Protein chains: 2
Amino acid sequence: MKIAIIGLGLIGGSMAKAIKENTDHIVYGYDRKDTVIKKAQLIGAIDQALTDNLLKECDLTIVALYPKAAVDYIREHQEMFKKGSIVLDCCGVKQIVCSQVEPMALKQGFVFIGGHPMAGLEHSGFDHAKKALFKNASMILTPTKGSVQDVEKVKDLFTAIGFTNLQIATPQEHDQMIAFTSQLAHAVSSAYIKSPAAIKHKGFSAGSYRDLTRVAKLNEDMWTELFLDNSDYLAEEIDGIADRLKEYSAAIKAKDGETLRSLLKDGREKKAMIDGEIF
Amino acid sequence: MKIAIIGLGLIGGSMAKAIKENTDHIVYGYDRKDTVIKKAQLIGAIDQALTDNLLKECDLTIVALYPKAAVDYIREHQEMFKKGSIVLDCCGVKQIVCSQVEPMALKQGFVFIGGHPMAGLEHSGFDHAKKALFKNASMILTPTKGSVQDVEKVKDLFTAIGFTNLQIATPQEHDQMIAFTSQLAHAVSSAYIKSPAAIKHKGFSAGSYRDLTRVAKLNEDMWTELFLDNSDYLAEEIDGIADRLKEYSAAIKAKDGETLRSLLKDGREKKAMIDGEIF
């Protein structure tokens with residue numbers, strides 16, 4: 001296949017490196033920074049800089065940009081994608097992207113598949129990209145209109161570069177689940193670290209503290225966009241945990257051991273059930 | 001030294017195993033379950049079952065019980081501890097323990113040092129105890145009345161069994177910090193897992209989800225007691241994060257990107273500062 005990768009940041013750059021490392025596909029790369037394109041070519045992460053003419057030959061275009069930029073790129077290039085070729089985005093929100101791109105795909109005759117590689121680092125940019133980023137990771141696909149054969153094609157590619165779990169969902173299911181598993185975790189972690197006690201914790205820190213605050217180190221530009229693009233589901237999740245936390249503090253303030261114990265027991269049992277340990 | 005260990009659960013059992021593995025001290029053990037004492041003796045985690053007469057000979061008594069049980073044990077045995085010997089508890093709260101035990105220590109002539117080994121597992125009991133539990137862990141000591149020599153004695157012991165960070169604090173400092181680094185993490189994790197979306201998350205889970213929910217798997221009896229024994233500090237921490245979370249959801253609902261970005265940026269910067277990366 002000829003593959004175009006748009007945006008050679010952490011995700012796009014890692015895709016390029018992983019594809020060149022693990023497959024024989026030809027990779028053309030584009031990035032708004034010229035130096036990144038040159039660097040990618042020099043280290044063999046791409047075969048060539050992408051041009052409009054090369055884009056027209058591609059069987060698969062992977063758009064690894066933030067949501068708004070991804071939709072804009074696809075809109076501006078919609079007439080250039082080869083008929084029947086696949087265009088796949090890598091955004092962490094799917095409804096807002098899929099709902100805008102699908103009409104273009106139908107009109108222009110390309111196949112759009114929404115994608116969300118569940119991999120990331122606390123760092124961004126091509127310099128942090130690595131060919132093993134997707135090893136054992138999950139890829140979520142939201143192929144609302146793509147044929148089974150088209151999905152098979154990208155599945156083979158993603159399996160070849162390390163993904164071990166491919167999940168098929170509707171854009172709505174994706175956004176609802178990701179609000180809980182990923183976005184909420186980032187909001188909670190960010191709010192956690194702001195305790196006035198945080199600055200004095202050295203020597204008292206435990207594994208639980210480290211786990212709870214790890215993802216507070218985030219890229220606020222990207223996460224602001226992702227949060228606002230999934231505002232309904234995420235606001236509901238945040239309000240939900242805030243309200244539940246107030247139940248714990250109310251029981252603690254009332255010295256109500258029975259209620260507190262049952263709140264904690266319920267959490268333990270839900271965790272065990274969800275992890276598949278009981279029931 | 002002759003060392004008594006009261007309670008051969010996860011912490012006391014691991015202390016026994018680690019002391020016998022790494023030192024030449026003699027260890028006498030007590031547990032309310034007879035079978036546990038026998039098992040501990042058979043595998044060499046203790047030299048002998050503890051008796052009242054043996055307790056009177058001990059240079060160090062480590063009380064590894066829940067807070068109320070620890071205070072009760074020390075109260076009931078206060079006249080048996082050898083004059084000048086050290087009694088150390090292992091409770092996760094210090095003010096409530098130290099304030100009750102210190103008057104007994106002064107009156108009876110033993111030395112009380114509050115201790116909190118920052119190690120634990122999601123499992124409890126002697127069968128999960130292991131000699132390497134404290135490897136590279138932190139031990140917090142609250143030696144309000146102990147002499148430097150006494151603290152040196154326990155420091156040498158704890159260093160020998162794997163602790164690499166000894167932290168000295170007042171009981172009040174300890175309780176305030178532990179409310180933030182450990183207890184809050186358990187409350188948040190417990191509240192997190194109760195989202196209605198949790199049950200459907202399979203295939204969508206990311207490292208952030210796993211980190212945020214790990215400690216939801218807790219022993220509700222122990223944590224209820226710890227939470228209630230530190231109710232002021234903990235309720236303040238819980239209300240604090242709940243209130244901060246509402247700021248995030250308010251910005252998200254208002255589609256206020258500027259406020260949301262600055263909330264996330266502030267969290268990222270605080271995390272970096274606290275981890276010592278900037279400033």
# chains A, B, ... in the order shown; residues from 1 in each chain; ligands from 1

call {"tool": "select_by_dssp", "arguments": {"residues": "stretch 100-250 of chain A", "states": "strand (DSSP E)", "output": "PDB file with C-alpha atoms, in the first residue's frame"}}
result
ATOM      1  CA  VAL A 111     -13.958   5.398   2.693  1.00  0.00           C
ATOM      2  CA  PHE A 112     -13.757   7.043   6.101  1.00  0.00           C
ATOM      3  CA  ILE A 113     -12.956   4.971   9.205  1.00  0.00           C
ATOM      4  CA  GLY A 114     -12.728   6.667  12.586  1.00  0.00           C
ATOM      5  CA  GLY A 115      -9.760   5.485  14.620  1.00  0.00           C
ATOM      6  CA  HIS A 116      -8.471   6.060  18.148  1.00  0.00           C
ATOM      7  CA  PRO A 117      -5.152   4.470  19.022  1.00  0.00           C
ATOM      8  CA  MET A 118      -5.204   4.054  22.804  1.00  0.00           C
ATOM      9  CA  SER A 138      -5.874  -1.080  21.850  1.00  0.00           C
ATOM     10  CA  MET A 139      -7.112   0.486  18.629  1.00  0.00           C
ATOM     11  CA  ILE A 140     -10.732   1.558  18.586  1.00  0.00           C
ATOM     12  CA  LEU A 141     -12.348   1.787  15.155  1.00  0.00           C
ATOM     13  CA  THR A 142     -15.689   3.410  14.380  1.00  0.00           C
ATOM     14  CA  ASN A 165      -6.770  -5.409  20.736  1.00  0.00           C
ATOM     15  CA  LEU A 166      -9.051  -4.024  18.038  1.00  0.00           C
ATOM     16  CA  GLN A 167     -12.337  -2.715  19.296  1.00  0.00           C
ATOM     17  CA  ILE A 168     -15.256  -1.832  17.014  1.00  0.00           C
TER      18      ILE A 168
END
